[in-house]
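What follows is one structure encoded as structure tokens, with my remarks underneath.
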Amino acid sequence: MDYNQLAKEIIQAVGGKGNVNEVYHCITRLRFQLKDQSKVNEQQLKDLDKVMGTNIAGNQFQVIIGNDVPKVFDALVEENPAWKNKETANKTTRQKGVKGFFSNIFDALSGVFAPILPAIAGAGLIKGFMALFVSLGWLATNTETYRILMAIGDGVFYFLPILVAVSAARYFKANMFVALGIGAALLYPDLTALLSAGKVPHFIGLPVTPVTYAYSVIPILLAIWIMSYVEKWVDRIIPTSLKLLFVPLITMFIVVPLTLVVIGPLGTFVGDGVSGGINWLLNNGGVIGGILIGGAMAIIVMTGMHYAIVPFVISNLAKYGYDKFLPLTYISNMSQAGATFGVFFRAKDKKLKSLAFSTGLTALMGVTEPAMYGINVVYKRPFMASLIGGAAGGGFAMMFGVKAYVLTGNGGIPGLPGLVGDTFVYALIAMALAFIVALIFSYIFGIDEQLVEATPVVEKVAAGTEILQAPVAGELVKMSEVNDTTFADEIMGKSIAIKPNEGKLYAPANGTIISLFKTKHAIAMQTDNGAEILLHVGIDTVKLDGNYFTAHVTNGDVVEQGDLLVTFDMEKIAEKYDTTTIMVVTNTNEYSLIESKDNGAVTKGNQVMELRSEQNE
């Protein structure tokens with residue numbers, strides 16, 4: 001389905017961009033505030049694929065889309081980004097203050113890394129298995145097979161700046177291909193050789209601090225964030241006829257040198273300061289130093305600052321025969337693994353559990369990127385748990401003077417021989433402590449499973465008859481009497497309506513929650529037998545923006561018939577809105593017969609609909 005083309009046709013049918021004051025969406029409809037409703041071509045709208053119908057509610061013009069409404073809305077926003085800023089029903093607000101600053105950073109990291117998770121997870125698994133096979137002697141590092149496998153497993157991480165550049169461009173609303181070009185420039189072989197030649201190169205007289213951008217994350221994130229502003233500024237000042245050539249040209253000409261001259265040196269300056277501080281803490285900080293460094297190790301790795309410490313590590317190993325920093329990398333890796341396993345034990349979504357388990361295993365093998373960027377950073381709270389675990393393990397390690405004796409190149413189970421020595425037992429205890437503490441806190445903190453893009457558990461309805469129970473207790477209302485023509489005409493599918501007498505919404509059948517709308521007034525679920533159900537509490541209650549609603553489930557939850565889904569303050573809602581609750585079978589066309597009740601009192605557990613699949617015929 002070409003949603004961009006559909007968006008253009010919808011805009012044309014509602015009178016053009018100039019006729020739209022604002023637009024937002026609820027769980028099934030686009031809701032337009034128009035300057036002149038007489039300009040709308042309703043028949044043209046109804047003839048479009050994906051448009052189920054239209055409705056007028058006061059000064060609001062509604063286009064009924066169904067389950068794909070978020071995709072259509074996103075396409076509308078691409079046509080006019082200003083509409084995104086006016087979105088009121090499905091918006092996220094940027095927080096202010098110190099807490100908001102860090103929250104916004106993690107929101108950005110989550111938004112950037114979630115799309116590239118499949119590549120990170122797949123490559124990470126390969127690297128994890130390679131590390132294990134090498135340690136067991138099953139795979140030699142000097143073979144051609146090893147080199148090819150390394151290209152598959154390590155290529156994603158070596159070129160991580162390019163992947164991050166594309167995803168960050170999507171997040172920051174910048175041109176993805178220009179961003180890709182910026183990432184490619186930073187990894188260009190000749191530039192890499194220039195920066196590693198041992199002397200400081202210059203660009204038009206400005207010094208370029210030698211920095212390694214491969215495997216890094218923060219420099220490219222900052223670069224694309226800056227690019228998003230540069231690109232918008234250039235776009236405003238360049239004439240329309242010249243935009244195609246000069247906007248990308250000027251943007252890249254500014255951002256790439258700025259990254260090399262400013263962001264790289266900034267990272268080096270901060271890295272040198274951090275490495276100096278870390279060495280001081282290692283030598284003088286004791287337990288407190290271990291807690292601080294162990295807790296911050298994941299952030300140090302994310303910024304690439306740990307590379308600045310490598311010379312000190314090598315120097316310590318050569319001079320003293322041991323190093324105190326390396327054990328903290330093992331401990332940090334175990335804390336990442338523990339936090340991810342906490343998600344595995346806590347999560348209800350099957351896809352998320354599987355991903356958490358596999359990335360947790362790779363973290364145990366010393367490859368933490370899939371766990372860190374695929375799970376912990378994306379869901380935020382597990383990352384916090386990993387920092388706590390790292391601090392606990394780090395404090396214990398420094399208390400007993402844990403040391404590493406060999407630089408193995410792997411901070412996981414395969415690299416344990418590097419810790420063998422007088423403090424080996426304490427090293428194992430510290431690693432186990434980091435793992436367990438992170439797991440416990442990750443489990444306690446939990447995650448927001450609404451970030452999971454849940455998918456239906458079955459693709460088509462199963463053979464047989466399915467019974468749907470009343471989602472609320474109350475009095476059945478004839479659909480023709482419902483005060484909303486979209487529901488009354490059953491445009492989205494066969495429906496029932498109930499005037500509730502208590503503020504509790506229950507699962508009408510066993511199934512999986514596909515979508516809990518952010519305002520919590522509507523839920524989409526799929527039953528175990530394949531029925532796609534929309535539960536909608538009240539008429540126009542999306543305008544309450546979640547007030548008076550409390551959700552007891554999240555996306556991906558598996559529920560049983562009769563489970564409590566949402567509670568709502570019926571009296572408060574009834575002061576302004578009709579509380580009639582609708583249950584819609586949105587895949588009605590997949591059934592040969594649907595029978596439903598339309599009058600009488602019902603309570604929880606009462607049968608209200610019977611669905612029969614045509615596979616029975």
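By order in the structure tokens, chains are A, B, ...; within a chain, residues start at 1; ligands start at 1, following the order shown.
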Check the DSSP output for the backbone and give back, as an MDAnalysis selection string, the residues of stretch 426-609 of chain A in strand (DSSP E or B). chainID A and resid 465:469 474:477 495:500 504:506 511:516 522:527 532:537 549:551 558:559 564:568 581:585 591:596 601:602 607:609
From the DSSP assignment of the backbone, select every residue of stretch 109-218 of chain A that is alpha helix (DSSP H), and format the answer as a PyMOL selection string. chain A and resi 109-113+117-135+144-158+160-171+176-186+189-195+218
Excluding same-chain residues fewer than 3 positions from A:Ala601, what lies within 10 Å of it counting only C-alpha atoms, as a PyMOL selection string? chain A and resi 473-477+498-501+598+606
Mind writing the picked residues with all heavy atoms as a PDB file, in the first residue's frame?
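Done, and the output landed in part_39.pdb:
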ATOM      1  N   ALA A 473     -20.401  -4.357  31.576  1.00  0.00           N
ATOM      2  CA  ALA A 473     -21.738  -4.649  32.100  1.00  0.00           C
ATOM      3  C   ALA A 473     -22.630  -3.442  31.846  1.00  0.00           C
ATOM      4  O   ALA A 473     -22.200  -2.294  31.989  1.00  0.00           O
ATOM      5  CB  ALA A 473     -21.658  -4.946  33.595  1.00  0.00           C
ATOM      6  N   GLY A 474     -23.875  -3.712  31.428  1.00  0.00           N
ATOM      7  CA  GLY A 474     -24.771  -2.601  31.162  1.00  0.00           C
ATOM      8  C   GLY A 474     -25.962  -3.020  30.325  1.00  0.00           C
ATOM      9  O   GLY A 474     -26.396  -4.179  30.370  1.00  0.00           O
ATOM     10  N   GLU A 475     -26.471  -2.091  29.517  1.00  0.00           N
ATOM     11  CA  GLU A 475     -27.649  -2.324  28.701  1.00  0.00           C
ATOM     12  C   GLU A 475     -27.286  -2.249  27.228  1.00  0.00           C
ATOM     13  O   GLU A 475     -26.693  -1.265  26.769  1.00  0.00           O
ATOM     14  CB  GLU A 475     -28.716  -1.268  29.017  1.00  0.00           C
ATOM     15  CG  GLU A 475     -30.076  -1.546  28.415  1.00  0.00           C
ATOM     16  CD  GLU A 475     -30.846  -2.628  29.168  1.00  0.00           C
ATOM     17  OE1 GLU A 475     -30.510  -2.894  30.343  1.00  0.00           O
ATOM     18  OE2 GLU A 475     -31.774  -3.202  28.575  1.00  0.00           O
ATOM     19  N   LEU A 476     -27.624  -3.310  26.473  1.00  0.00           N
ATOM     20  CA  LEU A 476     -27.361  -3.324  25.036  1.00  0.00           C
ATOM     21  C   LEU A 476     -28.165  -2.229  24.331  1.00  0.00           C
ATOM     22  O   LEU A 476     -29.334  -1.984  24.673  1.00  0.00           O
ATOM     23  CB  LEU A 476     -27.705  -4.683  24.442  1.00  0.00           C
ATOM     24  CG  LEU A 476     -26.662  -5.786  24.660  1.00  0.00           C
ATOM     25  CD1 LEU A 476     -27.290  -7.156  24.421  1.00  0.00           C
ATOM     26  CD2 LEU A 476     -25.458  -5.586  23.748  1.00  0.00           C
ATOM     27  N   VAL A 477     -27.527  -1.595  23.359  1.00  0.00           N
ATOM     28  CA  VAL A 477     -28.153  -0.530  22.592  1.00  0.00           C
ATOM     29  C   VAL A 477     -28.132  -0.934  21.124  1.00  0.00           C
ATOM     30  O   VAL A 477     -27.137  -1.475  20.627  1.00  0.00           O
ATOM     31  CB  VAL A 477     -27.386   0.804  22.770  1.00  0.00           C
ATOM     32  CG1 VAL A 477     -28.006   1.902  21.913  1.00  0.00           C
ATOM     33  CG2 VAL A 477     -27.350   1.202  24.231  1.00  0.00           C
ATOM     34  N   ILE A 498     -23.022  -1.074  24.049  1.00  0.00           N
ATOM     35  CA  ILE A 498     -23.528  -1.279  25.408  1.00  0.00           C
ATOM     36  C   ILE A 498     -23.400   0.036  26.175  1.00  0.00           C
ATOM     37  O   ILE A 498     -22.343   0.669  26.176  1.00  0.00           O
ATOM     38  CB  ILE A 498     -22.740  -2.377  26.158  1.00  0.00           C
ATOM     39  CG1 ILE A 498     -22.810  -3.702  25.394  1.00  0.00           C
ATOM     40  CG2 ILE A 498     -23.252  -2.553  27.575  1.00  0.00           C
ATOM     41  CD1 ILE A 498     -21.940  -4.791  25.979  1.00  0.00           C
ATOM     42  N   LYS A 499     -24.486   0.428  26.811  1.00  0.00           N
ATOM     43  CA  LYS A 499     -24.448   1.573  27.727  1.00  0.00           C
ATOM     44  C   LYS A 499     -24.003   1.039  29.083  1.00  0.00           C
ATOM     45  O   LYS A 499     -24.749   0.324  29.753  1.00  0.00           O
ATOM     46  CB  LYS A 499     -25.835   2.212  27.832  1.00  0.00           C
ATOM     47  CG  LYS A 499     -25.850   3.522  28.577  1.00  0.00           C
ATOM     48  CD  LYS A 499     -25.251   4.640  27.752  1.00  0.00           C
ATOM     49  CE  LYS A 499     -25.427   5.987  28.440  1.00  0.00           C
ATOM     50  NZ  LYS A 499     -24.805   7.069  27.676  1.00  0.00           N
ATOM     51  N   PRO A 500     -22.769   1.313  29.525  1.00  0.00           N
ATOM     52  CA  PRO A 500     -22.240   0.653  30.719  1.00  0.00           C
ATOM     53  C   PRO A 500     -22.857   1.188  32.006  1.00  0.00           C
ATOM     54  O   PRO A 500     -23.272   2.350  32.078  1.00  0.00           O
ATOM     55  CB  PRO A 500     -20.744   0.979  30.651  1.00  0.00           C
ATOM     56  CG  PRO A 500     -20.659   2.251  29.889  1.00  0.00           C
ATOM     57  CD  PRO A 500     -21.786   2.210  28.893  1.00  0.00           C
ATOM     58  N   ASN A 501     -22.907   0.311  33.005  1.00  0.00           N
ATOM     59  CA  ASN A 501     -23.348   0.756  34.330  1.00  0.00           C
ATOM     60  C   ASN A 501     -22.222   0.698  35.354  1.00  0.00           C
ATOM     61  O   ASN A 501     -22.435   0.943  36.541  1.00  0.00           O
ATOM     62  CB  ASN A 501     -24.560  -0.057  34.812  1.00  0.00           C
ATOM     63  CG  ASN A 501     -24.301  -1.557  34.811  1.00  0.00           C
ATOM     64  OD1 ASN A 501     -23.166  -2.003  34.984  1.00  0.00           O
ATOM     65  ND2 ASN A 501     -25.363  -2.342  34.616  1.00  0.00           N
ATOM     66  N   ASP A 598     -28.859  -7.277  20.429  1.00  0.00           N
ATOM     67  CA  ASP A 598     -28.959  -5.828  20.343  1.00  0.00           C
ATOM     68  C   ASP A 598     -29.891  -5.226  21.384  1.00  0.00           C
ATOM     69  O   ASP A 598     -30.252  -4.064  21.307  1.00  0.00           O
ATOM     70  CB  ASP A 598     -29.390  -5.385  18.936  1.00  0.00           C
ATOM     71  CG  ASP A 598     -30.777  -5.895  18.569  1.00  0.00           C
ATOM     72  OD1 ASP A 598     -31.406  -6.583  19.402  1.00  0.00           O
ATOM     73  OD2 ASP A 598     -31.229  -5.598  17.446  1.00  0.00           O
ATOM     74  N   ASN A 606     -21.508 -12.685  29.920  1.00  0.00           N
ATOM     75  CA  ASN A 606     -22.650 -12.960  29.045  1.00  0.00           C
ATOM     76  C   ASN A 606     -22.224 -12.998  27.577  1.00  0.00           C
ATOM     77  O   ASN A 606     -21.439 -12.156  27.123  1.00  0.00           O
ATOM     78  CB  ASN A 606     -23.731 -11.886  29.202  1.00  0.00           C
ATOM     79  CG  ASN A 606     -24.482 -11.994  30.519  1.00  0.00           C
ATOM     80  OD1 ASN A 606     -25.162 -11.068  30.912  1.00  0.00           O
ATOM     81  ND2 ASN A 606     -24.353 -13.105  31.230  1.00  0.00           N
TER      82      ASN A 606
END
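The two atoms in question, atom CA of A:Ala470 and atom CA of A:Leu534, are spaced 12.8 Å apart.
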When you look at stretch 235-240 of chain A with a cut-off of 12 Å (counting only C-alpha atoms), what residues show up, excluding the ones that are within fewer than 5 positions of it in the same chain? I need them as JSON, numbers by chain. {"A": [174, 175, 227, 228, 229, 230, 245, 246, 247, 248, 249, 250, 251]}
Take the residues just selected and output them with all heavy atoms as a short mmCIF file (atom, residue, chain, number, x, y, z; two decimals), in the first residue's frame.
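File produced: again_14.cif:
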data_model
loop_
_atom_site.label_atom_id
_atom_site.label_comp_id
_atom_site.auth_asym_id
_atom_site.auth_seq_id
_atom_site.Cartn_x
_atom_site.Cartn_y
_atom_site.Cartn_z
N ALA A 174 15.59 14.54 9.08
CA ALA A 174 16.56 15.05 8.10
C ALA A 174 16.63 14.09 6.92
O ALA A 174 16.07 12.99 6.97
CB ALA A 174 17.93 15.21 8.75
N ASN A 175 17.32 14.50 5.87
CA ASN A 175 17.44 13.67 4.67
C ASN A 175 18.32 12.46 4.97
O ASN A 175 19.50 12.59 5.30
CB ASN A 175 18.04 14.49 3.52
CG ASN A 175 18.03 13.72 2.21
OD1 ASN A 175 18.67 12.69 2.08
ND2 ASN A 175 17.31 14.25 1.24
N MET A 227 23.17 18.32 11.74
CA MET A 227 22.77 18.35 10.34
C MET A 227 21.30 18.70 10.17
O MET A 227 20.91 19.42 9.24
CB MET A 227 23.04 16.98 9.71
CG MET A 227 22.48 16.83 8.29
SD MET A 227 22.22 15.11 7.85
CE MET A 227 20.96 15.29 6.58
N SER A 228 20.45 18.20 11.08
CA SER A 228 19.01 18.46 10.96
C SER A 228 18.71 19.95 11.02
O SER A 228 17.78 20.44 10.35
CB SER A 228 18.24 17.71 12.05
OG SER A 228 18.53 18.22 13.34
N TYR A 229 19.50 20.69 11.80
CA TYR A 229 19.30 22.14 11.89
C TYR A 229 19.95 22.85 10.70
O TYR A 229 19.38 23.79 10.14
CB TYR A 229 19.89 22.68 13.20
CG TYR A 229 19.09 22.28 14.41
CD1 TYR A 229 19.47 21.20 15.18
CD2 TYR A 229 17.95 22.99 14.78
CE1 TYR A 229 18.74 20.82 16.30
CE2 TYR A 229 17.21 22.63 15.89
CZ TYR A 229 17.61 21.54 16.65
OH TYR A 229 16.87 21.17 17.74
N VAL A 230 21.14 22.40 10.32
CA VAL A 230 21.83 23.01 9.17
C VAL A 230 20.98 22.86 7.91
O VAL A 230 20.81 23.81 7.12
CB VAL A 230 23.22 22.37 8.96
CG1 VAL A 230 23.85 22.86 7.66
CG2 VAL A 230 24.13 22.68 10.14
N LEU A 245 20.18 20.58 -5.68
CA LEU A 245 21.64 20.50 -5.75
C LEU A 245 22.32 21.11 -4.54
O LEU A 245 23.24 20.52 -3.96
CB LEU A 245 22.13 21.20 -7.02
CG LEU A 245 21.78 20.54 -8.36
CD1 LEU A 245 22.28 21.41 -9.50
CD2 LEU A 245 22.41 19.16 -8.46
N PHE A 246 21.87 22.29 -4.14
CA PHE A 246 22.65 23.06 -3.19
C PHE A 246 22.33 22.78 -1.72
O PHE A 246 23.19 23.00 -0.87
CB PHE A 246 22.50 24.57 -3.49
CG PHE A 246 23.25 24.99 -4.72
CD1 PHE A 246 22.62 25.06 -5.95
CD2 PHE A 246 24.60 25.28 -4.64
CE1 PHE A 246 23.33 25.43 -7.09
CE2 PHE A 246 25.31 25.65 -5.77
CZ PHE A 246 24.67 25.73 -7.00
N VAL A 247 21.14 22.31 -1.42
CA VAL A 247 20.85 21.98 -0.01
C VAL A 247 21.73 20.84 0.48
O VAL A 247 22.40 20.96 1.51
CB VAL A 247 19.35 21.67 0.20
CG1 VAL A 247 19.11 21.13 1.61
CG2 VAL A 247 18.51 22.93 -0.02
N PRO A 248 21.79 19.69 -0.25
CA PRO A 248 22.70 18.63 0.23
C PRO A 248 24.17 19.02 0.14
O PRO A 248 24.97 18.65 1.01
CB PRO A 248 22.38 17.45 -0.70
CG PRO A 248 21.69 18.03 -1.88
CD PRO A 248 20.98 19.24 -1.40
N LEU A 249 24.54 19.75 -0.90
CA LEU A 249 25.94 20.15 -1.06
C LEU A 249 26.41 20.99 0.12
O LEU A 249 27.44 20.70 0.75
CB LEU A 249 26.11 20.92 -2.37
CG LEU A 249 27.55 21.36 -2.75
CD1 LEU A 249 27.67 21.48 -4.26
CD2 LEU A 249 27.92 22.70 -2.11
N ILE A 250 25.66 22.04 0.42
CA ILE A 250 26.06 22.94 1.51
C ILE A 250 25.98 22.23 2.86
O ILE A 250 26.85 22.42 3.72
CB ILE A 250 25.18 24.20 1.50
CG1 ILE A 250 25.40 24.98 0.18
CG2 ILE A 250 25.48 25.09 2.70
CD1 ILE A 250 24.46 26.15 0.00
N THR A 251 24.94 21.39 3.03
CA THR A 251 24.79 20.67 4.30
C THR A 251 25.99 19.77 4.58
O THR A 251 26.57 19.79 5.67
CB THR A 251 23.50 19.83 4.29
OG1 THR A 251 22.37 20.69 4.09
CG2 THR A 251 23.34 19.07 5.60
#
Within 8 Å of A:Val343, counting only C-alpha atoms, which residues show up once you throw out same-chain ones fewer than 5 positions away? Write them as a PyMOL selection string, please. chain A and resi 353+356+382+439+442-443+446-447
Take the residues from that selection and write them out as an mmCIF file, in the first residue's frame, keeping N, CA and C atoms.
data_model
loop_
_atom_site.group_PDB
_atom_site.id
_atom_site.type_symbol
_atom_site.label_atom_id
_atom_site.label_comp_id
_atom_site.auth_asym_id
_atom_site.auth_seq_id
_atom_site.Cartn_x
_atom_site.Cartn_y
_atom_site.Cartn_z
ATOM 1 N N LYS A 353 10.638 -11.339 24.478
ATOM 2 C CA LYS A 353 11.292 -12.337 25.327
ATOM 3 C C LYS A 353 12.384 -13.080 24.552
ATOM 4 N N ALA A 356 15.311 -10.702 23.966
ATOM 5 C CA ALA A 356 16.055 -10.460 25.207
ATOM 6 C C ALA A 356 16.930 -11.663 25.555
ATOM 7 N N PRO A 382 15.841 -0.832 31.814
ATOM 8 C CA PRO A 382 16.874 -1.868 31.917
ATOM 9 C C PRO A 382 18.288 -1.297 31.849
ATOM 10 N N LEU A 439 19.909 -7.911 36.907
ATOM 11 C CA LEU A 439 18.713 -8.702 36.595
ATOM 12 C C LEU A 439 17.563 -8.353 37.541
ATOM 13 N N SER A 442 16.325 -4.774 36.919
ATOM 14 C CA SER A 442 15.631 -4.733 35.630
ATOM 15 C C SER A 442 14.239 -5.339 35.764
ATOM 16 N N TYR A 443 14.153 -6.429 36.487
ATOM 17 C CA TYR A 443 12.849 -7.077 36.693
ATOM 18 C C TYR A 443 11.923 -6.172 37.505
ATOM 19 N N GLY A 446 10.879 -3.066 35.401
ATOM 20 C CA GLY A 446 9.975 -3.397 34.301
ATOM 21 C C GLY A 446 10.256 -2.549 33.076
ATOM 22 N N ILE A 447 9.409 -2.670 32.077
ATOM 23 C CA ILE A 447 9.564 -1.908 30.841
ATOM 24 C C ILE A 447 8.199 -1.431 30.366
#
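Atom pair atom CA of A:Lys494 / atom CA of A:Lys478: separated by 12.1 Å.
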Within 6 Å of A:Arg29, counting only C-alpha atoms, which residues show up once you throw out same-chain ones fewer than 3 positions away? Write them as an MDAnalysis selection string, please. chainID A and resid 25:26 63:65
Which residues are close to stretch 205-210 of chain A, i.e. within 6 Å by only C-alpha atoms, leaving aside same-chain residues fewer than 4 positions away? Reply as a ChimeraX atom specification. /A:195,201,260-261,265
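Each of A:Ala296, A:Leu186, A:Leu45, A:Leu180 was checked against A:Ser386 using only C-alpha atoms; the smallest atom-to-atom distance is that of A:Ala296.
Among the candidates A:Ala13, A:Ala123, A:Val211, A:Met479, the one nearest to A:Thr581 when counting only C-alpha atoms is A:Met479.
Considering only C-alpha atoms, the residue among A:Leu76, A:Ala432, A:Leu387, A:Ala404 positioned nearest to A:Gln5 is A:Leu76.
Taking only C-alpha atoms into account, A:Thr465 lies nearest to A:Met609 out of the set A:Leu281, A:Ile204, A:Ile573, A:Met609.
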